[in-house]
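To be precise, the following lines are entry-v7.cif, and they hold mmCIF, C-alpha atoms.
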data_final
#
loop_
_atom_site.label_atom_id
_atom_site.label_comp_id
_atom_site.auth_asym_id
_atom_site.auth_seq_id
_atom_site.Cartn_x
_atom_site.Cartn_y
_atom_site.Cartn_z
CA MET P 15 93.62 157.95 89.80
CA SER P 16 91.01 160.25 88.45
CA ALA P 17 92.29 162.67 85.88
CA THR P 18 91.07 166.18 85.20
CA VAL P 19 90.20 166.67 81.54
CA ILE P 20 91.36 170.05 80.22
CA THR P 21 90.21 171.11 76.77
CA ILE P 22 92.18 173.74 74.89
CA THR P 23 90.22 175.63 72.28
CA SER P 24 90.09 179.02 70.55
CA GLY P 25 87.53 179.45 67.81
CA LYS P 26 90.00 181.02 65.42
CA GLY P 27 92.71 178.86 63.89
CA GLY P 28 96.40 179.62 64.07
CA VAL P 29 96.47 181.25 67.51
CA GLY P 30 98.67 178.53 69.02
CA LYS P 31 96.28 175.93 70.43
CA THR P 32 98.41 172.94 69.52
CA THR P 33 101.65 174.53 70.73
CA THR P 34 99.89 175.46 73.97
CA SER P 35 98.46 171.95 74.42
CA ALA P 36 101.83 170.29 73.77
CA ASN P 37 103.68 172.56 76.16
CA ILE P 38 101.19 172.40 79.01
CA ALA P 39 101.26 168.60 78.70
CA VAL P 40 105.07 168.55 78.70
CA ALA P 41 105.27 170.95 81.64
CA LEU P 42 102.84 168.84 83.70
CA ALA P 43 104.84 165.71 82.84
CA LEU P 44 108.06 167.45 83.92
CA MET P 45 106.36 168.11 87.26
CA GLY P 46 106.07 164.34 87.65
CA LYS P 47 102.44 164.02 86.58
CA LYS P 48 101.07 161.31 84.38
CA VAL P 49 99.62 163.07 81.35
CA ALA P 50 97.73 161.96 78.25
CA CYS P 51 97.20 164.41 75.43
CA ILE P 52 94.63 163.86 72.74
CA ASP P 53 94.65 165.42 69.30
CA GLY P 54 91.01 166.29 68.67
CA ASP P 55 91.62 167.61 65.16
CA ILE P 56 90.57 164.62 63.08
CA GLY P 57 91.72 164.92 59.49
CA LEU P 58 94.21 167.69 60.28
CA ARG P 59 96.39 166.19 62.97
CA ASN P 60 99.36 168.19 64.21
CA LEU P 61 99.91 167.56 67.88
CA ASP P 62 102.11 164.59 66.85
CA VAL P 63 104.58 166.78 64.90
CA VAL P 64 104.63 169.53 67.51
CA LEU P 65 105.50 166.92 70.14
CA GLY P 66 107.99 165.25 67.77
CA LEU P 67 106.20 161.88 67.93
CA GLU P 68 105.00 161.65 64.32
CA ASN P 69 107.16 158.62 63.51
CA ARG P 70 105.72 156.47 66.24
CA ILE P 71 102.03 156.43 65.31
CA VAL P 72 100.43 153.02 64.82
CA TYR P 73 96.88 153.44 66.05
CA ASP P 74 94.81 156.59 66.44
CA LEU P 75 91.77 158.02 68.20
CA VAL P 76 89.28 156.66 65.66
CA ASP P 77 90.83 153.18 65.93
CA VAL P 78 90.15 153.23 69.68
CA VAL P 79 86.60 154.51 69.29
CA GLU P 80 85.80 151.97 66.59
CA GLY P 81 87.33 149.12 68.58
CA ARG P 82 90.26 148.26 66.30
CA CYS P 83 92.69 148.56 69.18
CA ARG P 84 92.76 148.90 72.93
CA LEU P 85 93.18 152.34 74.52
CA ARG P 86 96.68 151.47 75.77
CA GLN P 87 97.80 150.53 72.25
CA ALA P 88 96.95 153.98 70.91
CA MET P 89 98.82 155.77 73.73
CA ILE P 90 102.26 156.67 72.36
CA ARG P 91 104.72 157.17 75.17
CA ASP P 92 107.09 160.13 74.89
CA LYS P 93 110.49 158.63 75.77
CA ARG P 94 111.96 161.98 76.84
CA LEU P 95 109.61 162.11 79.79
CA PRO P 96 108.58 159.58 82.40
CA GLU P 97 104.85 159.68 81.81
CA LEU P 98 103.60 161.60 78.82
CA TYR P 99 101.36 159.92 76.27
CA LEU P 100 99.83 161.05 73.00
CA ILE P 101 96.66 159.74 71.44
CA PRO P 102 96.92 160.99 67.87
CA ALA P 103 94.04 162.03 65.64
CA ALA P 104 93.18 160.01 62.56
CA GLN P 105 94.50 161.70 59.44
CA THR P 106 92.42 159.96 56.80
CA ARG P 107 89.01 160.35 58.38
CA ASP P 108 86.87 163.39 59.12
CA LYS P 109 85.52 164.86 62.32
CA ASN P 110 82.18 163.11 61.88
CA ALA P 111 83.87 159.76 62.53
CA ILE P 112 83.48 160.53 66.24
CA SER P 113 80.61 161.83 68.39
CA PRO P 114 80.66 163.83 71.64
CA SER P 115 79.55 160.73 73.57
CA ASP P 116 82.46 158.73 72.06
CA MET P 117 84.82 161.37 73.45
CA VAL P 118 83.15 161.30 76.86
CA ARG P 119 83.53 157.51 76.99
CA LEU P 120 87.16 157.60 75.88
CA CYS P 121 88.07 160.27 78.44
CA ASP P 122 86.25 158.37 81.19
CA ASP P 123 88.46 155.35 80.42
CA LEU P 124 91.55 157.57 80.41
CA ARG P 125 90.65 159.13 83.76
CA GLN P 126 91.56 155.85 85.46
CA GLU P 127 95.01 155.82 83.85
CA VAL P 128 96.46 159.31 84.28
CA ASP P 129 96.49 162.55 86.33
CA TRP P 130 95.73 164.95 83.47
CA VAL P 131 94.10 164.65 80.07
CA ILE P 132 94.93 167.55 77.74
CA LEU P 133 92.56 167.69 74.79
CA ASP P 134 93.61 169.82 71.82
CA SER P 135 90.44 171.03 70.08
CA PRO P 136 90.25 171.84 66.38
CA ALA P 137 89.51 175.41 65.28
CA GLY P 138 85.91 176.33 64.56
CA ILE P 139 82.68 175.76 66.44
CA GLU P 140 81.37 172.66 64.65
CA ARG P 141 81.46 168.96 65.42
CA GLY P 142 85.17 168.79 66.29
CA PHE P 143 84.76 171.60 68.81
CA ARG P 144 81.68 169.99 70.36
CA ASN P 145 83.50 166.66 70.55
CA SER P 146 86.33 168.37 72.38
CA ILE P 147 84.33 170.22 75.00
CA ALA P 148 81.93 167.35 75.77
CA PRO P 149 84.34 165.52 78.12
CA ALA P 150 85.96 168.67 79.58
CA ASP P 151 86.17 169.38 83.29
CA ASP P 152 87.85 172.69 82.50
CA VAL P 153 88.21 174.67 79.31
CA LEU P 154 91.09 176.96 78.44
CA VAL P 155 90.59 179.41 75.58
CA VAL P 156 93.68 180.54 73.67
CA THR P 157 93.66 183.92 71.97
CA ASN P 158 96.09 186.46 70.53
CA PRO P 159 95.89 190.18 71.34
CA GLU P 160 94.27 191.08 68.02
CA VAL P 161 90.73 191.81 66.89
CA SER P 162 89.77 188.65 65.03
CA ALA P 163 91.21 186.27 67.64
CA VAL P 164 89.53 188.15 70.51
CA ARG P 165 86.20 188.25 68.72
CA ASP P 166 86.29 184.48 68.08
CA ALA P 167 87.41 183.83 71.66
CA ASP P 168 84.34 185.73 72.88
CA ARG P 169 82.06 183.63 70.73
CA VAL P 170 83.63 180.39 71.96
CA ILE P 171 83.49 181.51 75.61
CA GLY P 172 79.77 182.10 75.13
CA LEU P 173 79.30 178.62 73.64
CA ILE P 174 81.26 177.03 76.49
CA GLU P 175 78.96 178.78 78.98
CA ALA P 176 75.90 177.63 77.05
CA GLU P 177 77.18 174.04 77.26
CA GLU P 178 77.64 174.53 81.02
CA LYS P 179 81.37 173.88 80.73
CA GLY P 180 82.31 177.34 81.96
CA PRO P 181 83.68 179.52 83.20
CA ALA P 182 86.48 179.19 80.67
CA ARG P 183 89.89 180.55 81.52
CA LEU P 184 92.00 182.57 79.11
CA ILE P 185 95.51 182.21 77.70
CA ILE P 186 96.77 185.25 75.82
CA ASN P 187 99.39 183.94 73.42
CA ARG P 188 101.97 185.74 71.25
CA VAL P 189 102.04 188.95 73.22
CA ASN P 190 104.56 191.37 71.79
CA PRO P 191 105.69 193.66 74.63
CA ASN P 192 107.20 196.22 72.26
CA LEU P 193 103.97 196.67 70.34
CA THR P 194 101.94 196.75 73.56
CA ARG P 195 104.22 199.36 75.08
CA ARG P 196 103.82 201.74 72.19
CA GLY P 197 100.06 201.29 72.19
CA ASP P 198 99.82 199.25 69.01
CA MET P 199 98.72 195.96 70.53
CA LEU P 200 95.80 195.24 72.85
CA SER P 201 97.13 194.91 76.39
CA THR P 202 96.31 192.08 78.78
CA GLU P 203 94.01 194.48 80.65
CA ASP P 204 92.21 195.42 77.42
CA VAL P 205 91.60 191.78 76.48
CA LEU P 206 90.43 190.83 79.97
CA GLU P 207 88.09 193.80 80.11
CA LEU P 208 86.59 192.91 76.73
CA LEU P 209 86.16 189.19 77.39
CA ALA P 210 85.39 189.36 81.13
CA VAL P 211 86.97 186.00 81.95
CA GLU P 212 89.64 184.78 84.32
CA LEU P 213 93.23 184.74 83.08
CA ILE P 214 95.42 181.64 83.40
CA GLY P 215 98.40 182.56 81.24
CA ILE P 216 100.22 185.23 79.25
CA VAL P 217 102.70 183.88 76.70
CA PRO P 218 105.09 186.28 74.97
CA GLU P 219 105.90 186.01 71.30
CA ASP P 220 109.17 184.09 71.23
CA GLU P 221 111.14 182.98 68.19
CA ASN P 222 112.33 179.98 70.18
CA VAL P 223 108.83 178.53 69.74
CA VAL P 224 109.37 178.34 65.97
CA ILE P 225 112.80 176.79 66.44
CA SER P 226 111.67 174.20 68.97
CA THR P 227 108.66 173.27 66.83
CA ASN P 228 110.97 172.81 63.84
CA ARG P 229 112.92 170.34 65.94
CA GLY P 230 109.91 168.57 67.39
CA GLN P 231 111.02 169.50 70.90
CA PRO P 232 108.36 171.46 72.77
CA ILE P 233 109.80 174.64 74.24
CA ALA P 234 108.76 173.71 77.79
CA LEU P 235 111.43 170.96 77.66
CA ASN P 236 114.24 173.51 77.89
CA GLY P 237 113.35 175.69 80.80
CA LYS P 238 115.01 179.01 80.21
CA THR P 239 113.03 180.63 77.42
CA LYS P 240 110.34 183.24 77.98
CA ALA P 241 107.61 181.23 76.27
CA GLY P 242 108.71 177.98 77.93
CA THR P 243 108.51 179.62 81.36
CA ALA P 244 105.08 181.03 80.53
CA PHE P 245 103.75 177.58 79.58
CA THR P 246 105.28 176.05 82.70
CA ASN P 247 103.54 178.72 84.78
CA ILE P 248 100.20 177.74 83.26
CA ALA P 249 100.85 174.10 84.23
CA LYS P 250 101.68 175.21 87.78
CA ARG P 251 98.46 177.22 88.00
CA LEU P 252 96.52 174.15 86.87
CA GLU P 253 98.19 172.27 89.72
CA GLY P 254 96.90 174.94 92.09
CA ILE P 255 100.27 176.63 92.63
CA GLN P 256 100.06 180.41 92.89
CA VAL P 257 102.33 181.97 90.29
CA PRO P 258 102.24 185.74 89.82
CA PHE P 259 101.61 187.05 86.32
CA THR P 260 104.96 188.62 85.54
CA GLU P 261 105.17 191.85 83.65
CA LEU P 262 106.45 190.86 80.23
CA ASP P 263 108.34 194.10 79.84
CA GLU P 264 110.06 194.13 83.20
CA LYS P 265 113.42 194.52 81.48
CA ASP P 266 112.20 197.73 79.93
CA SER P 267 114.60 200.32 78.75
CA PHE P 268 114.48 203.61 80.57
CA LEU P 269 112.83 205.21 77.55
CA GLY P 270 110.18 202.52 77.40
CA LYS P 271 109.23 203.19 81.00
CA LEU P 272 109.27 206.93 80.45
CA SER P 273 107.00 206.67 77.43
CA LYS P 274 104.64 204.44 79.41
CA VAL P 275 104.41 207.12 82.09
CA PHE P 276 103.63 209.73 79.46
CA ARG P 277 101.01 207.52 77.83
CA ALA P 278 99.30 206.89 81.12
CA GLY P 279 99.36 210.59 81.87
CA GLY P 280 98.05 211.55 78.45
CA LYS P 281 94.83 209.56 78.74
CA MET X 29 112.86 209.54 65.02
CA SER X 30 109.75 211.70 65.01
CA GLY X 31 107.58 208.59 65.45
CA TRP X 32 109.47 208.01 68.65
CA LEU X 33 108.77 211.53 69.88
CA ASP X 34 105.11 211.24 68.94
CA ARG X 35 104.91 208.08 70.97
CA LEU X 36 106.81 209.54 73.89
CA PHE X 37 104.36 212.37 74.20
CA ASN X 38 101.39 210.36 73.08
CA LEU X 39 100.65 212.66 70.19
CA LYS X 40 99.56 209.82 67.95
CA PRO X 41 97.24 207.51 69.84
CA GLY X 42 98.18 203.85 69.33
CA SER X 43 96.04 201.61 67.19
CA ALA X 44 95.27 199.40 70.20
CA ASP X 45 92.72 201.92 71.49
CA LEU X 46 90.93 201.84 68.17
CA ALA X 47 91.00 198.02 68.18
CA LYS X 48 89.50 198.00 71.65
CA ASP X 49 86.67 200.37 70.74
CA ARG X 50 85.84 198.43 67.59
CA LEU X 51 85.86 195.16 69.54
CA LYS X 52 83.58 196.58 72.23
CA PHE X 53 81.00 197.40 69.61
CA VAL X 54 81.31 194.09 67.76
CA LEU X 55 81.19 191.95 70.90
CA VAL X 56 78.06 193.62 72.22
CA HIS X 57 76.17 192.85 69.03
CA ASP X 58 77.69 189.35 68.69
CA ARG X 59 76.64 188.43 72.22
CA VAL X 60 73.03 189.51 71.92
CA ALA X 61 72.84 188.40 68.28
CA LEU X 62 71.24 191.75 67.45
CA SER X 63 72.53 193.79 64.54
CA PRO X 64 72.62 197.59 64.78
CA ALA X 65 69.85 197.66 62.13
CA SER X 66 67.56 195.34 64.14
CA MET X 67 68.27 197.42 67.21
CA GLU X 68 67.04 200.51 65.36
CA THR X 69 63.85 198.69 64.30
CA LEU X 70 63.29 197.51 67.87
CA LYS X 71 63.71 201.06 69.11
CA ASN X 72 61.25 202.46 66.59
CA GLU X 73 58.62 199.85 67.44
CA ILE X 74 58.93 200.47 71.17
CA VAL X 75 58.71 204.23 70.65
CA GLN X 76 55.50 203.67 68.67
CA VAL X 77 53.92 201.55 71.39
CA ILE X 78 54.83 203.94 74.18
CA SER X 79 53.57 206.91 72.16
CA HIS X 80 50.07 205.42 72.34
CA TYR X 81 50.07 206.04 76.09
CA VAL X 82 52.38 208.94 76.89
CA GLU X 83 53.84 211.79 74.93
CA ILE X 84 57.54 211.28 74.22
CA ASP X 85 60.08 212.87 71.94
CA PRO X 86 61.46 210.09 69.71
CA GLU X 87 64.65 212.10 69.25
CA GLN X 88 65.44 211.88 72.97
CA VAL X 89 65.02 208.11 73.26
CA ARG X 90 68.26 206.23 73.92
CA PHE X 91 68.72 202.47 73.66
CA THR X 92 71.96 200.97 74.89
CA ILE X 93 73.26 197.52 75.74
CA ALA X 94 74.98 197.64 79.10
CA GLN X 95 77.64 195.10 80.10
CA GLU X 96 78.04 193.52 83.50
CA GLY X 97 80.81 190.99 83.19
CA ARG X 98 79.53 188.67 80.48
CA GLU X 99 75.88 189.62 81.04
CA GLN X 100 74.09 192.01 78.73
CA ARG X 101 71.27 194.33 79.67
CA LEU X 102 69.16 196.28 77.24
CA MET X 103 68.65 199.76 78.67
CA ALA X 104 66.05 202.18 77.38
CA ASP X 105 66.06 205.79 78.44
CA ILE X 106 62.75 207.33 77.41
CA PRO X 107 62.15 210.86 78.71
CA ILE X 108 58.46 211.69 78.94
CA ARG X 109 57.33 215.12 77.84
CA ALA X 110 55.77 217.12 80.66
CA SER X 111 52.14 217.60 79.86
CA GLY X 112 51.70 221.34 80.46
CA LYS X 113 47.92 221.21 80.86
CA ARG X 114 47.75 218.79 83.78
CA ARG X 115 50.65 220.25 85.69
CA LYS X 116 48.97 223.62 86.03
#
Mind converting the file's structure to structure tokens?
Amino acid sequence: MSATVITITSGKGGVGKTTTSANIAVALALMGKKVACIDGDIGLRNLDVVLGLENRIVYDLVDVVEGRCRLRQAMIRDKRLPELYLIPAAQTRDKNAISPSDMVRLCDDLRQEVDWVILDSPAGIERGFRNSIAPADDVLVVTNPEVSAVRDADRVIGLIEAEEKGPARLIINRVNPNLTRRGDMLSTEDVLELLAVELIGIVPEDENVVISTNRGQPIALNGKTKAGTAFTNIAKRLEGIQVPFTELDEKDSFLGKLSKVFRAGGK
Amino acid sequence: MSGWLDRLFNLKPGSADLAKDRLKFVLVHDRVALSPASMETLKNEIVQVISHYVEIDPEQVRFTIAQEGREQRLMADIPIRASGKRRK
């Protein structure tokens, strides 16, 4: 086995990196892949609660790097799925406890064990971010269709290119079709034109994400939600399966469509 | 209800267009790490240098940063004043 290491990053905090990481990992595991996800946010761990595995932590990432346990001991198996593992971040240390070369070494060891490594990067562009992109084969940048998130995504995409980890691919998260339709939210086309990168996923805003996170059950586990389907589609694209980017507002009301026609005509 | 009509006939442009324009401007300057003020200084210095050699109208000089994908290109459009004496 030789896993592909995918790093999920964003620059700005709060755009949905951890939710995205958890759900892509779950979706790949549901497709029968062996997946390890790593929480790269040392000191502010959260991938454990989003996955619902917070009660099972014994060892963490820093324990592995500092040799207090073997890699296998820090891999918490998710019992809902055949082969999904979490390596949690340390909560009581800071991001300087680990270096980029530590991460490269750890991921190289993991490559032998699994099909996919999903690395959830912390927000920002400092040490934690550099640790997270150092071992990456591919980088996915998560953004929201709003000015500050897009600006930070652009900065991070530039840094990824400078580190020769590019080209990054983009996930636009929390798209609100109603706002987009009435011209009050940047559209997918707008964001892609501004950032000039390849798209790998569009995830609609979906209240089921909040509910499933409350429960510690990633939304990709129950197939029939809009956001869950969107995350599953990203996993499929990673696996090389062609999945069309569906129009989020395909169930538009007649008026919605009409107004779209008028808007297009008015420009 | 009137908001609805406005939107239907696109009387009030949505805020997304404004967001996009503002982002375009911000991203250009972020990417080249050049503030609008530095750009103005750069322009003035170049105009000075060129003026030593040919006659130009500083008012007509245009500096823009063009985008090609994620590449930036600094474009200078510097019209040269026709020198009446030599032409005739």
Output check: residues returned by the PyMOL selection byres ((chain P and resi 213) around 6), as a VMD selection string: chain P and resid 183 to 184 212 214 to 215
Compare P:Leu124, P:Val205, P:Met15, P:Leu200 by their minimum atom-to-atom distance to chain X, counting only C-alpha atoms, and give me the closest one. P:Leu200
Got a sec to resolve the PyMOL selection byres ((chain P and resi 168) around 9) on this structure and send the residues as an mmCIF file with C-alpha atoms, in the frame of the given file?
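As written to disk, selection19.cif reads:
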data_model
loop_
_atom_site.group_PDB
_atom_site.id
_atom_site.type_symbol
_atom_site.label_atom_id
_atom_site.label_comp_id
_atom_site.auth_asym_id
_atom_site.auth_seq_id
_atom_site.Cartn_x
_atom_site.Cartn_y
_atom_site.Cartn_z
ATOM 1 C CA GLY P 25 87.530 179.450 67.810
ATOM 2 C CA ALA P 163 91.210 186.270 67.640
ATOM 3 C CA VAL P 164 89.530 188.150 70.510
ATOM 4 C CA ARG P 165 86.200 188.250 68.720
ATOM 5 C CA ASP P 166 86.290 184.480 68.080
ATOM 6 C CA ALA P 167 87.410 183.830 71.660
ATOM 7 C CA ARG P 169 82.060 183.630 70.730
ATOM 8 C CA VAL P 170 83.630 180.390 71.960
ATOM 9 C CA ILE P 171 83.490 181.510 75.610
ATOM 10 C CA GLY P 172 79.770 182.100 75.130
ATOM 11 C CA LEU P 173 79.300 178.620 73.640
ATOM 12 C CA LEU P 208 86.590 192.910 76.730
ATOM 13 C CA LEU P 209 86.160 189.190 77.390
ATOM 14 C CA LEU X 55 81.190 191.950 70.900
ATOM 15 C CA ASP X 58 77.690 189.350 68.690
ATOM 16 C CA ARG X 59 76.640 188.430 72.220
#
Selection: 10 Å around Val79 in chain P, all atoms listed in the file, excl. self and same-chain fewer than 6 positions, as a ChimeraX atom specification: /P:85,111-113,116-117,119-120
To one decimal in Å, tell me the separation between CA of Val40 in chain P and CA of Thr246 in chain P. 8.5 Å
Can you tell me how far CA of Ser79 in chain X sits from CA of Ile93 in chain X, in Å to one decimal?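 Separation of CA of Ser79 in chain X and CA of Ile93 in chain X: 22.1 Å.
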Interface rows for range 40-110 of chain P against range 140-155 of chain P: nearest pair, Å to one decimal, 7 Å, only C-alpha atoms, as a tab-separated table:
residue	atom	partner	partner_atom	distance
P:Gly54	CA	P:Ser146	CA	6.3
P:Asp55	CA	P:Gly142	CA	6.7
P:Lys109	CA	P:Gly142	CA	5.6
P:Asn110	CA	P:Arg141	CA	6.9
Can you give me, as a list of chain:residue names, the residues this file yields under the PyMOL selection byres ((chain X and resi 61-71) around 10)? X:Phe53, X:Val54, X:Leu55, X:Val56, X:His57, X:Asp58, X:Arg59, X:Val60, X:Asn72, X:Glu73, X:Ile74, X:Val75, X:Gln76, X:Pro86, X:Val89, X:Arg90, X:Phe91, X:Thr92, X:Ile93, X:Ala104
Suppose you want the space between CA of Gln87 in chain P and CA of Thr32 in chain P; what is it in Å? 22.6 Å
9 Å contact set for Leu75 in chain P, only C-alpha atoms, chain neighbours under 2 positions out, as a PyMOL selection string: chain P and resi 52-54+56+73+77-80+85+88+101-104+112+120
